[in-house]
$ cat final_30.cif   # mmCIF, C-alpha atoms
data_start
#
loop_
_atom_site.label_atom_id
_atom_site.label_comp_id
_atom_site.auth_asym_id
_atom_site.auth_seq_id
_atom_site.Cartn_x
_atom_site.Cartn_y
_atom_site.Cartn_z
CA MET B 1 0.00 0.00 0.00
CA ILE B 2 1.32 3.48 -0.84
CA GLN B 3 1.94 5.56 2.22
CA ARG B 4 1.05 9.21 2.07
CA ARG B 5 4.60 10.20 3.05
CA ASN B 6 6.23 8.17 0.28
CA PHE B 7 3.70 9.22 -2.29
CA LEU B 8 4.33 12.89 -1.64
CA LYS B 9 8.08 12.37 -1.75
CA GLY B 10 7.74 10.62 -5.08
CA LEU B 11 5.50 13.33 -6.43
CA GLY B 12 8.02 15.95 -5.34
CA ILE B 13 10.81 14.24 -7.27
CA VAL B 14 8.67 13.93 -10.40
CA VAL B 15 7.70 17.59 -10.28
CA ALA B 16 11.27 18.68 -9.62
CA THR B 17 12.64 16.71 -12.57
CA ALA B 18 9.84 17.97 -14.77
CA ILE B 19 10.61 21.58 -13.91
CA ALA B 20 14.36 21.13 -14.23
CA GLY B 21 14.08 18.88 -17.24
CA THR B 22 11.84 20.84 -19.56
CA PRO B 23 13.95 23.96 -20.02
CA ALA B 24 17.07 21.83 -20.43
CA LEU B 25 15.38 19.81 -23.13
CA LEU B 26 14.05 22.92 -24.81
CA ASN B 27 17.49 24.51 -24.74
CA ALA B 28 19.06 21.41 -26.22
CA ALA B 29 16.50 21.34 -29.01
CA GLU B 30 16.99 25.02 -29.67
CA GLU B 31 20.76 24.65 -29.75
CA LYS B 32 20.42 21.73 -32.11
CA ALA B 33 18.30 23.83 -34.45
CA LYS B 34 20.82 26.64 -34.31
CA ALA B 35 23.88 24.44 -34.70
CA PRO B 36 25.44 24.52 -38.16
CA LYS B 37 24.38 21.69 -40.46
CA GLY B 38 26.04 20.12 -43.43
CA PRO B 39 29.58 19.00 -44.11
CA ASN B 40 31.01 22.42 -44.91
CA GLU B 41 29.70 24.41 -42.00
CA PHE B 42 32.46 23.87 -39.50
CA SER B 43 34.22 25.98 -36.99
CA TYR B 44 36.94 28.28 -38.31
CA ASP B 45 39.79 25.84 -37.58
CA MET B 46 38.02 22.95 -39.27
CA ALA B 47 37.13 25.03 -42.30
CA ILE B 48 40.77 26.08 -42.67
CA ALA B 49 41.90 22.47 -42.29
CA ALA B 50 39.35 21.35 -44.89
CA ILE B 51 40.62 23.92 -47.39
CA THR B 52 44.36 23.55 -46.85
CA SER B 53 44.36 19.86 -45.81
CA GLY B 54 46.88 20.71 -43.13
CA LYS B 55 49.35 22.76 -45.19
CA ALA B 56 51.10 25.75 -43.67
CA ILE B 57 49.65 29.21 -44.29
CA GLU B 58 51.75 32.33 -44.60
CA THR B 59 50.47 35.75 -43.75
CA SER B 60 51.16 37.98 -46.71
CA ASP B 61 50.75 41.62 -47.67
CA LYS B 62 50.31 40.61 -51.32
CA ILE B 63 46.59 40.30 -50.68
CA ASP B 64 44.65 43.54 -50.65
CA LEU B 65 41.52 42.89 -48.57
CA VAL B 66 39.15 45.84 -48.51
CA VAL B 67 36.44 45.77 -45.84
CA PRO B 68 34.84 48.63 -43.92
CA GLU B 69 36.34 49.31 -40.50
CA ILE B 70 32.89 49.83 -39.04
CA ALA B 71 29.87 48.18 -40.64
CA GLU B 72 26.64 49.86 -39.56
CA ASN B 73 24.55 47.05 -40.98
CA GLY B 74 25.90 43.52 -40.57
CA ALA B 75 23.54 42.21 -43.24
CA VAL B 76 25.43 43.94 -46.03
CA VAL B 77 29.20 44.18 -45.65
CA PRO B 78 31.13 44.78 -48.88
CA VAL B 79 34.28 42.69 -49.28
CA LYS B 80 36.84 43.18 -52.03
CA VAL B 81 39.93 41.04 -52.53
CA THR B 82 42.72 41.74 -55.00
CA VAL B 83 45.88 39.67 -55.07
CA ASN B 84 49.05 41.20 -56.43
CA HIS B 85 50.16 38.12 -58.32
CA PRO B 86 50.69 37.28 -62.02
CA MET B 87 47.94 35.31 -63.78
CA GLU B 88 49.98 33.21 -66.22
CA GLU B 89 49.40 29.66 -67.39
CA SER B 90 52.16 28.28 -65.17
CA ASN B 91 51.71 30.51 -62.16
CA TYR B 92 48.36 31.94 -61.18
CA ILE B 93 45.98 32.31 -58.28
CA LYS B 94 43.86 29.20 -58.16
CA ALA B 95 41.37 30.09 -55.46
CA ILE B 96 40.22 32.86 -53.16
CA HIS B 97 38.32 31.79 -50.04
CA ILE B 98 36.44 34.30 -47.92
CA LEU B 99 35.72 33.37 -44.31
CA ALA B 100 34.09 35.18 -41.40
CA LYS B 101 35.57 33.85 -38.15
CA GLU B 102 32.61 34.18 -35.76
CA ASN B 103 29.64 33.46 -38.02
CA ASN B 104 27.54 30.33 -37.54
CA ASN B 105 28.86 29.22 -40.88
CA VAL B 106 32.36 30.64 -41.28
CA ARG B 107 32.55 29.99 -45.01
CA CYS B 108 31.25 32.71 -47.30
CA ALA B 109 32.62 32.04 -50.75
CA ASP B 110 35.17 29.84 -52.50
CA VAL B 111 36.17 31.37 -55.82
CA MET B 112 38.08 29.26 -58.33
CA LEU B 113 39.97 31.37 -60.84
CA THR B 114 41.71 30.58 -64.13
CA PRO B 115 44.40 32.46 -66.10
CA MET B 116 41.55 33.74 -68.34
CA SER B 117 40.59 36.09 -65.52
CA GLY B 118 43.64 38.28 -66.15
CA LYS B 119 43.62 39.57 -62.57
CA ALA B 120 43.07 37.90 -59.22
CA TYR B 121 40.07 39.90 -58.10
CA PHE B 122 36.79 39.12 -56.38
CA ALA B 123 34.17 41.29 -54.73
CA THR B 124 30.89 40.54 -53.04
CA ARG B 125 28.73 41.47 -50.04
CA ILE B 126 28.49 39.25 -46.97
CA LYS B 127 26.53 38.99 -43.71
CA LEU B 128 28.30 39.33 -40.37
CA GLY B 129 26.62 38.26 -37.13
CA LYS B 130 28.85 40.34 -34.86
CA THR B 131 32.16 42.16 -34.66
CA GLN B 132 34.82 39.83 -36.01
CA ASP B 133 37.71 39.18 -38.36
CA VAL B 134 37.13 38.62 -42.07
CA VAL B 135 39.76 36.34 -43.58
CA ALA B 136 40.90 36.03 -47.18
CA LEU B 137 42.71 32.77 -47.81
CA VAL B 138 44.41 32.50 -51.19
CA GLU B 139 45.73 29.39 -52.92
CA THR B 140 48.27 29.67 -55.73
CA SER B 141 48.54 27.17 -58.58
CA THR B 142 51.83 25.96 -57.09
CA GLY B 143 49.97 24.86 -53.97
CA ASN B 144 51.00 27.59 -51.54
CA PHE B 145 48.54 29.20 -49.18
CA ILE B 146 48.65 32.82 -48.14
CA MET B 147 46.16 34.73 -46.05
CA THR B 148 45.27 38.06 -44.57
CA ALA B 149 42.68 39.07 -41.97
CA LYS B 150 40.96 42.32 -41.11
CA SER B 151 38.66 43.17 -38.25
CA VAL B 152 35.20 44.59 -38.94
CA LYS B 153 33.21 46.27 -36.20
CA VAL B 154 29.52 45.50 -36.57
CA THR B 155 26.93 47.74 -34.93
CA ILE B 156 23.83 45.73 -35.87
CA GLY B 157 24.24 42.01 -36.52
CA GLY B 158 22.99 40.70 -39.81
CA CYS B 159 22.29 37.02 -39.28
CA GLY B 160 18.77 35.78 -38.69
CA MET C 1 9.23 29.29 -59.38
CA ALA C 2 9.74 31.96 -61.90
CA GLU C 3 13.22 32.88 -63.01
CA LYS C 4 14.93 35.33 -60.67
CA LYS C 5 15.65 38.81 -61.91
CA SER C 6 19.35 39.18 -62.66
CA MET C 7 21.78 41.29 -64.65
CA ILE C 8 25.37 41.32 -65.89
CA LYS C 9 27.41 44.51 -65.99
CA PHE C 10 30.81 45.26 -67.47
CA LYS C 11 33.03 47.85 -65.81
CA PRO C 12 34.25 50.15 -67.30
CA LYS C 13 31.60 50.52 -70.00
CA ASN C 14 34.11 51.19 -72.78
CA TYR C 15 36.80 48.59 -73.21
CA LYS C 16 39.11 47.15 -75.85
CA ALA C 17 40.19 43.60 -76.61
CA GLY C 18 43.04 42.72 -74.24
CA ASP C 19 41.82 44.94 -71.40
CA VAL C 20 41.11 43.46 -68.00
CA ILE C 21 37.58 44.40 -66.98
CA ASP C 22 35.25 43.61 -64.09
CA VAL C 23 32.26 41.41 -64.79
CA ASP C 24 29.52 41.99 -62.22
CA PHE C 25 26.62 39.67 -61.69
CA ILE C 26 23.69 40.95 -59.65
CA ILE C 27 20.62 38.89 -58.82
CA ILE C 28 17.46 39.55 -56.84
CA HIS C 29 17.44 36.66 -54.36
CA PRO C 30 16.41 36.44 -50.67
CA MET C 31 19.38 34.20 -49.60
CA ASP C 32 17.37 32.71 -46.70
CA THR C 33 19.63 31.05 -44.14
CA GLY C 34 17.01 28.71 -42.71
CA MET C 35 17.48 30.24 -39.26
CA ALA C 36 15.32 33.35 -39.43
CA LYS C 37 11.67 33.29 -38.38
CA ASP C 38 8.80 34.85 -40.24
CA LYS C 39 7.69 37.71 -37.98
CA LYS C 40 4.00 37.29 -38.84
CA THR C 41 3.55 33.53 -38.62
CA GLY C 42 6.42 32.65 -36.25
CA LYS C 43 7.49 29.85 -38.54
CA ILE C 44 11.08 29.31 -39.66
CA ILE C 45 11.69 30.41 -43.23
CA PRO C 46 13.27 27.43 -45.05
CA ALA C 47 16.81 27.82 -46.32
CA ASN C 48 17.08 28.93 -49.91
CA TYR C 49 20.33 30.38 -51.10
CA ILE C 50 22.54 30.33 -54.15
CA ASN C 51 25.32 27.77 -53.74
CA ASN C 52 27.03 27.66 -57.11
CA VAL C 53 27.82 30.36 -59.64
CA THR C 54 29.73 29.78 -62.87
CA PHE C 55 31.00 32.57 -65.11
CA LYS C 56 31.53 31.35 -68.66
CA LEU C 57 33.07 32.84 -71.78
CA ASP C 58 31.66 31.08 -74.84
CA ASP C 59 30.74 28.04 -72.73
CA LYS C 60 34.25 27.84 -71.25
CA PRO C 61 34.15 28.51 -67.49
CA PHE C 62 36.70 31.11 -66.36
CA THR C 63 35.55 31.55 -62.77
CA THR C 64 33.50 29.14 -60.71
CA MET C 65 32.43 29.77 -57.18
CA LYS C 66 30.81 28.02 -54.31
CA VAL C 67 28.92 30.29 -51.97
CA TRP C 68 27.04 29.84 -48.73
CA GLU C 69 24.10 31.54 -47.02
CA THR C 70 26.56 33.96 -45.40
CA VAL C 71 26.41 36.04 -48.58
CA SER C 72 24.00 38.99 -48.33
CA ALA C 73 20.52 39.03 -49.83
CA ASN C 74 20.38 40.25 -53.43
CA PRO C 75 23.95 39.11 -53.94
CA TYR C 76 26.51 40.82 -56.07
CA PHE C 77 29.56 38.98 -57.40
CA SER C 78 32.34 40.73 -59.22
CA VAL C 79 35.19 38.96 -61.02
CA SER C 80 37.71 40.04 -63.63
CA LEU C 81 38.15 38.95 -67.21
CA LYS C 82 40.73 39.57 -69.92
CA VAL C 83 38.63 40.67 -72.89
CA PRO C 84 38.98 38.56 -76.05
CA ALA C 85 38.28 39.91 -79.57
CA SER C 86 34.66 38.76 -79.26
CA GLY C 87 32.53 36.46 -77.20
CA THR C 88 29.53 36.06 -74.97
CA ILE C 89 29.58 36.00 -71.20
CA SER C 90 27.08 33.72 -69.53
CA VAL C 91 26.50 33.25 -65.82
CA GLU C 92 24.85 30.14 -64.48
CA TYR C 93 23.70 29.67 -60.91
CA THR C 94 22.26 26.89 -58.80
CA GLU C 95 20.15 27.36 -55.68
CA SER C 96 20.24 25.12 -52.63
CA THR C 97 16.71 24.00 -53.56
CA GLY C 98 17.99 22.73 -56.90
CA GLU C 99 16.59 25.54 -59.05
CA LYS C 100 18.85 26.73 -61.84
CA GLY C 101 19.11 29.90 -63.82
CA GLU C 102 21.20 31.55 -66.47
CA LYS C 103 21.90 35.00 -67.84
CA SER C 104 24.12 36.02 -70.73
CA LYS C 105 25.48 39.16 -72.31
CA LYS C 106 27.58 39.78 -75.42
CA LEU C 107 31.00 41.40 -75.15
CA THR C 108 31.39 44.42 -77.41
CA PRO C 109 35.03 45.52 -77.37
CA LYS C 110 35.71 48.82 -79.15
CA GLY C 111 38.82 49.50 -81.18
#
$ encode --input "final_30.cif" --output "structure tokens"
Amino acid sequence: MIQRRNFLKGLGIVVATAIAGTPALLNAAEEKAKAPKGPNEFSYDMAIAAITSGKAIETSDKIDLVVPEIAENGAVVPVKVTVNHPMEESNYIKAIHILAKENNNVRCADVMLTPMSGKAYFATRIKLGKTQDVVALVETSTGNFIMTAKSVKVTIGGCG
Amino acid sequence: MAEKKSMIKFKPKNYKAGDVIDVDFIIIHPMDTGMAKDKKTGKIIPANYINNVTFKLDDKPFTTMKVWETVSANPYFSVSLKVPASGTISVEYTESTGEKGEKSKKLTPKG
């Protein structure tokens, strides 16, 4: 027979776990929904590793990365990359990758160039969730990686 | 869905064969990330963004790019091109939903 004392104790435990449990579950579900999906939406380190497959990256001033110092609207941040490098058949810029370090998905654009381009240049507009570094990672046809980063201050975030 | 409104621009407007010009591609597209909620209904807007863009010169790709939802709405992509004596530029894009589109413009070098 259930005693009143035990029954109340049991009820207390059930209620306590229900109260503690629900928000935790909700939070987990919410985090899961917000977490990046897909194979390419990694953290910054993993994205870099996926692009370079572990090769060393040099910081170089050959890349001219133009971003605003302060972006009033994070939803539209102009980015312009020019690489001071010849575009010849044997030696050209193969790819320009644009990454935003703190975004949910750090990868913005991977641009594959050919010598037909005549100049290693790419420009677009990206979204930034908060103040962070924008990175331009450049791959040459000889397999070297060079990069440059610039900080952008965002007043109003532009994601979501 | 109907074809998205898009345009190709050459900068500068007057160019000769052999010049290096900018080819701009602008498209009216929402670039939904799949994370934002519709303010009226409270439902999540499904992701729909452009994930592949190919710039071609007479069917020969000269710049291909992979992009993600981190690119702004109504995206603008600018690349360079060494102008040949003649040719047609075409830009093809693919959306994450599988929709495809294309836009082309003839090169008119002067002199």
$ interface_residues --input "final_30.cif" --of "chain C" --to "chain B" --cutoff "6 Å" --atoms "all atoms listed in the file" --output "CSV table (one decimal) with C-alpha atoms, keeping the file's coordinate frame"
chain,number,residue,atom,x,y,z
C,35,MET,CA,17.5,30.2,-39.3
C,36,ALA,CA,15.3,33.4,-39.4
C,62,PHE,CA,36.7,31.1,-66.4
C,63,THR,CA,35.6,31.6,-62.8
C,64,THR,CA,33.5,29.1,-60.7
C,65,MET,CA,32.4,29.8,-57.2
C,66,LYS,CA,30.8,28.0,-54.3
C,67,VAL,CA,28.9,30.3,-52.0
C,68,TRP,CA,27.0,29.8,-48.7
C,70,THR,CA,26.6,34.0,-45.4
C,71,VAL,CA,26.4,36.0,-48.6
C,72,SER,CA,24.0,39.0,-48.3
C,76,TYR,CA,26.5,40.8,-56.1
C,77,PHE,CA,29.6,39.0,-57.4
C,78,SER,CA,32.3,40.7,-59.2
C,79,VAL,CA,35.2,39.0,-61.0
C,80,SER,CA,37.7,40.0,-63.6
C,81,LEU,CA,38.2,39.0,-67.2
C,82,LYS,CA,40.7,39.6,-69.9
$ atom_distance --input "final_30.cif" --atom1 "CA of Phe10 (chain C)" --atom2 "CA of Thr82 (chain B)"
17.6 Å
$ atom_distance --input "final_30.cif" --atom1 "CA of Glu3 (chain C)" --atom2 "CA of Lys100 (chain C)"
8.4 Å
$ atom_distance --input "final_30.cif" --atom1 "CA of Gly98 (chain C)" --atom2 "CA of Val23 (chain C)"
24.8 Å
$ resolve_selection --input "final_30.cif" --expression "the PyMOL selection byres ((chain C and resi 17) around 7)" --output "list in words"
Tyr15, Lys16, Gly18, Asp19, Val83, Pro84, Ala85 and Pro109 of chain C
$ closest_residue --input "final_30.cif" --among "B:Ile70, B:Val154, B:Val83, B:Leu65" --to "Thr131 (chain B)" --atoms "all atoms listed in the file"
B:Val154
$ closest_residue --input "final_30.cif" --among "B:Val152, B:Val138, B:Asp133, B:Gly143" --to "Thr59 (chain B)" --atoms "only C-alpha atoms"
B:Val138
$ residues_near_point --input "final_30.cif" --point "(21.1, 41.8, -60.6)" --cutoff "8 Å" --atoms "all atoms listed in the file" --output "number ranges by chain"
C: 5-8, 25-28, 74-76
$ resolve_selection --input "final_30.cif" --expression "the PyMOL selection byres ((chain C and resi 93) around 9)" --output "ChimeraX atom specification"
/C:50-55,91-92,94-95,99-103
$ write_last_selection --input "final_30.cif" --atoms "C-alpha atoms" --output "compact mmCIF listing (two decimals), in the coordinates of the input"
# COMPACT_ATOMS: atom_id res chain seq x y z
CA ILE C 50 22.54 30.33 -54.15
CA ASN C 51 25.32 27.77 -53.74
CA ASN C 52 27.03 27.66 -57.11
CA VAL C 53 27.82 30.36 -59.64
CA THR C 54 29.73 29.78 -62.87
CA PHE C 55 31.00 32.57 -65.11
CA VAL C 91 26.50 33.25 -65.82
CA GLU C 92 24.85 30.14 -64.48
CA THR C 94 22.26 26.89 -58.80
CA GLU C 95 20.15 27.36 -55.68
CA GLU C 99 16.59 25.54 -59.05
CA LYS C 100 18.85 26.73 -61.84
CA GLY C 101 19.11 29.90 -63.82
CA GLU C 102 21.20 31.55 -66.47
CA LYS C 103 21.90 35.00 -67.84
$ resolve_selection --input "final_30.cif" --expression "the PyMOL selection byres ((chain C and resi 30) around 8)" --output "MDAnalysis selection string"
chainID C and resid 28:29 31:32 48:49 73:74
$ closest_residue --input "final_30.cif" --among "B:Glu89, B:Asp64, B:Glu58, B:Asp45" --to "Glu139 (chain B)" --atoms "all atoms listed in the file"
B:Glu58
